[in-house]
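> I'd like to ask some things about the structure below.
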Amino acid sequence: MNFERIKEKLNILADAAKYDVSCASSGSTRINKNKGLGNATRMGICHSYTEDGRCVSLLKILLTNHCIYDCAYCVSRRSNDIKRAGFRIQEVVDLTINFYRRNYIEGLFLSSGIFKSPDHTMERLVRVAKKLREEENFNGYIHLKSIPGCSDELMYEAGLYADRLSVNIEIPTISGLKLLAPEKEHQDFTKPMRKVKNEIVRYHNERKLIRSTPKYAPAGQSTQMIVGATGESDKDIMYSATYYYKTYSMKRVYYSGYVPVLEDSRLPSLTAKVPMLRENRLYQTDWLLRFYGFAVNELLNDAHPNLDVDVDPKLSWALRNLHHFPVDINKGDKRMLARVPGLGMQSVGKILSARRFRKLNWDHLKKMGVALNRAKYFMVCDSRHWERRDLDADKVKGLILQNSSGKFRNQYGQQLSLFNQ
């Protein structure tokens, strides 16, 4: 094995894989100090989570960055003048096993540019997973990227060896996809999703009858949308996400702020900033839809098509719906408690349990870890004092922002001193 060439490929293909966030990645700083293969600082190590909640480190790479398509938003597009590379199947297998033996990783995240055809590419991805499982007896976590347009037979086989499968929808709307990736069809993305969903359901039902039935893609499937490459509103994005959750039983939908990498009249300029704050707000909205009982049209609608920049979606909804507040902490139902800004679901559970034994006051809530700096304006408890008093939405918002902090705080540009007048 030519270690220098493998290292060069690893640098190229790990760097190309960084734009895919659907493995919930975060950087690793583990360093090989013995001058051997396996420096994790720049070698594509990322973190992901298994079905039972364990955090695992993954080798995150592309099989190749050669691609037959010319999608405007993709750094690996056919017309882009970049250094190309590709791994052999056995090279990926050997890298995975060697990294695993050095305790750098616990699994593999493998994607690829599409070369020759979708089926040819998907077949090679499946062969990597099959070799790891059957020849190396590898039982670590494997996440395979499904190739849009590949056959049902290959998708079926992929689910037998991979823990999670994902096919990136890439652009949230069909019109946006036609604009930036005219060579692709929307059904090329949804066909593999439908196959995986149907097989997961079938295997789940068969396991009820035959306990020895193997699991099929036990960690389910996910997808990713690029945010900010086209003109979709936040409402368009979240309605699309909700559709994929419901229709294809997605475990996660990931939102990736567009990183300007190419000059193209259809895209934001190369000097445009990555919409990190917008991405963050979309994740917060996604969380509210999945775990807090909100519907999309409550948070985003024709009158309010985009999320607020300066406050999170839950606080934004509360400020627009002050007639629902204050909520009595000692009497309110679970649904309304979950809608109080500053109350997470863990806090809601503690309140529901504790109030069975006594009435709760501000001191009790503070000890439970409730974020009273914002929650106090939207609830009452066993106390005569109610913080909101006669304040309107703008004043409440100003007071909260004045006493808050966060990593995006310097992006707001709000003149908070006005609220002191």
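Please note that chains go A, B, ... in the order of the structure tokens, that every chain numbers its residues from 1, and that ligands are numbered from 1 in the order shown.
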Could you pull out the helix (DSSP H, G or I) residues of region 306-335 of chain A, going by DSSP on the backbone, and write them as JSON, numbers by chain?

{"A": [313, 314, 315, 316, 317, 318, 319, 320, 322, 323, 324, 334, 335]}

> Please save C-alpha atoms of the selected residues as an mmCIF file, in the first residue's frame.


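Listed below is the output, again.cif:
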```cif
data_model
loop_
_atom_site.group_PDB
_atom_site.id
_atom_site.type_symbol
_atom_site.label_atom_id
_atom_site.label_comp_id
_atom_site.auth_asym_id
_atom_site.auth_seq_id
_atom_site.Cartn_x
_atom_site.Cartn_y
_atom_site.Cartn_z
ATOM 1 C CA PRO A 313 -39.080 30.369 17.169
ATOM 2 C CA LYS A 314 -40.812 29.468 20.441
ATOM 3 C CA LEU A 315 -40.376 32.937 21.936
ATOM 4 C CA SER A 316 -41.412 34.481 18.620
ATOM 5 C CA TRP A 317 -44.658 32.475 18.645
ATOM 6 C CA ALA A 318 -45.345 33.402 22.276
ATOM 7 C CA LEU A 319 -44.860 37.115 21.597
ATOM 8 C CA ARG A 320 -47.334 36.915 18.711
ATOM 9 C CA LEU A 322 -49.817 36.783 24.225
ATOM 10 C CA HIS A 323 -53.535 36.021 24.601
ATOM 11 C CA HIS A 324 -52.554 32.426 25.528
ATOM 12 C CA LYS A 334 -48.634 19.625 29.394
ATOM 13 C CA ARG A 335 -49.274 21.126 25.936
#
```

> Any idea what the distance is between CA of Thr230 (chain A) and CA of Tyr73 (chain A)?

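We find that CA of Thr230 (chain A) and CA of Tyr73 (chain A) lie 9.7 Å from each other.
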
> List the neighbours of Pro118 (chain A) out to 7 Å using only C-alpha atoms; skip same-chain residues closer than 6 positions along the sequence, and give me the result as a ChimeraX atom specification.

/A:147-150

> Looking at only C-alpha atoms, which of A:Asp81, A:Asp20, A:Glu206, A:Asp286 is the one that sits closest to Asn168 (chain A)?

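Looking at the shortest contact to Asn168 (chain A), the residue is A:Asp20.
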
> With a distance cut-off of 12 Å and only C-alpha atoms, select the neighbouring residues of Tyr245 (chain A), excluding the residue or stretch itself and same-chain residues fewer than 6 positions from it, and output the selection as a list in words.

Met193, Arg194, Lys197, Gly220, Gln221, Ser222, Thr223, Gln224, Met238, Tyr239, Lys251, Arg252, Val253, Tyr254, Asp286, Leu289 and Arg290 of chain A

> Taking only C-alpha atoms into account, name the residue in A:Arg88, A:Lys178, A:Arg202, A:His364 that is nearest to Asn330 (chain A).

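So, comparing all the options, the nearest one is A:His364.
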
> From the list A:His186, A:Arg339, A:Lys359, A:Arg133, which residue is nearest Val327 (chain A) when using only C-alpha atoms?

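Of A:His186, A:Arg339, A:Lys359, A:Arg133, the one nearest Val327 (chain A), counting only C-alpha atoms, is A:Arg339.
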
> So which residues touch Asp119 (chain A) within 12 Å, counting only C-alpha atoms, skipping near sequence neighbours fewer than 5 positions away, as a PyMOL selection string?

chain A and resi 114+124-126+146-155+158+188+192

> Can you work out which one of A:Tyr19, A:Ala338, A:Met379, A:Leu300 has the shortest atom-to-atom distance to Tyr255 (chain A), counting only C-alpha atoms?

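Ranking A:Tyr19, A:Ala338, A:Met379, A:Leu300 by distance to Tyr255 (chain A), first place goes to A:Tyr19.
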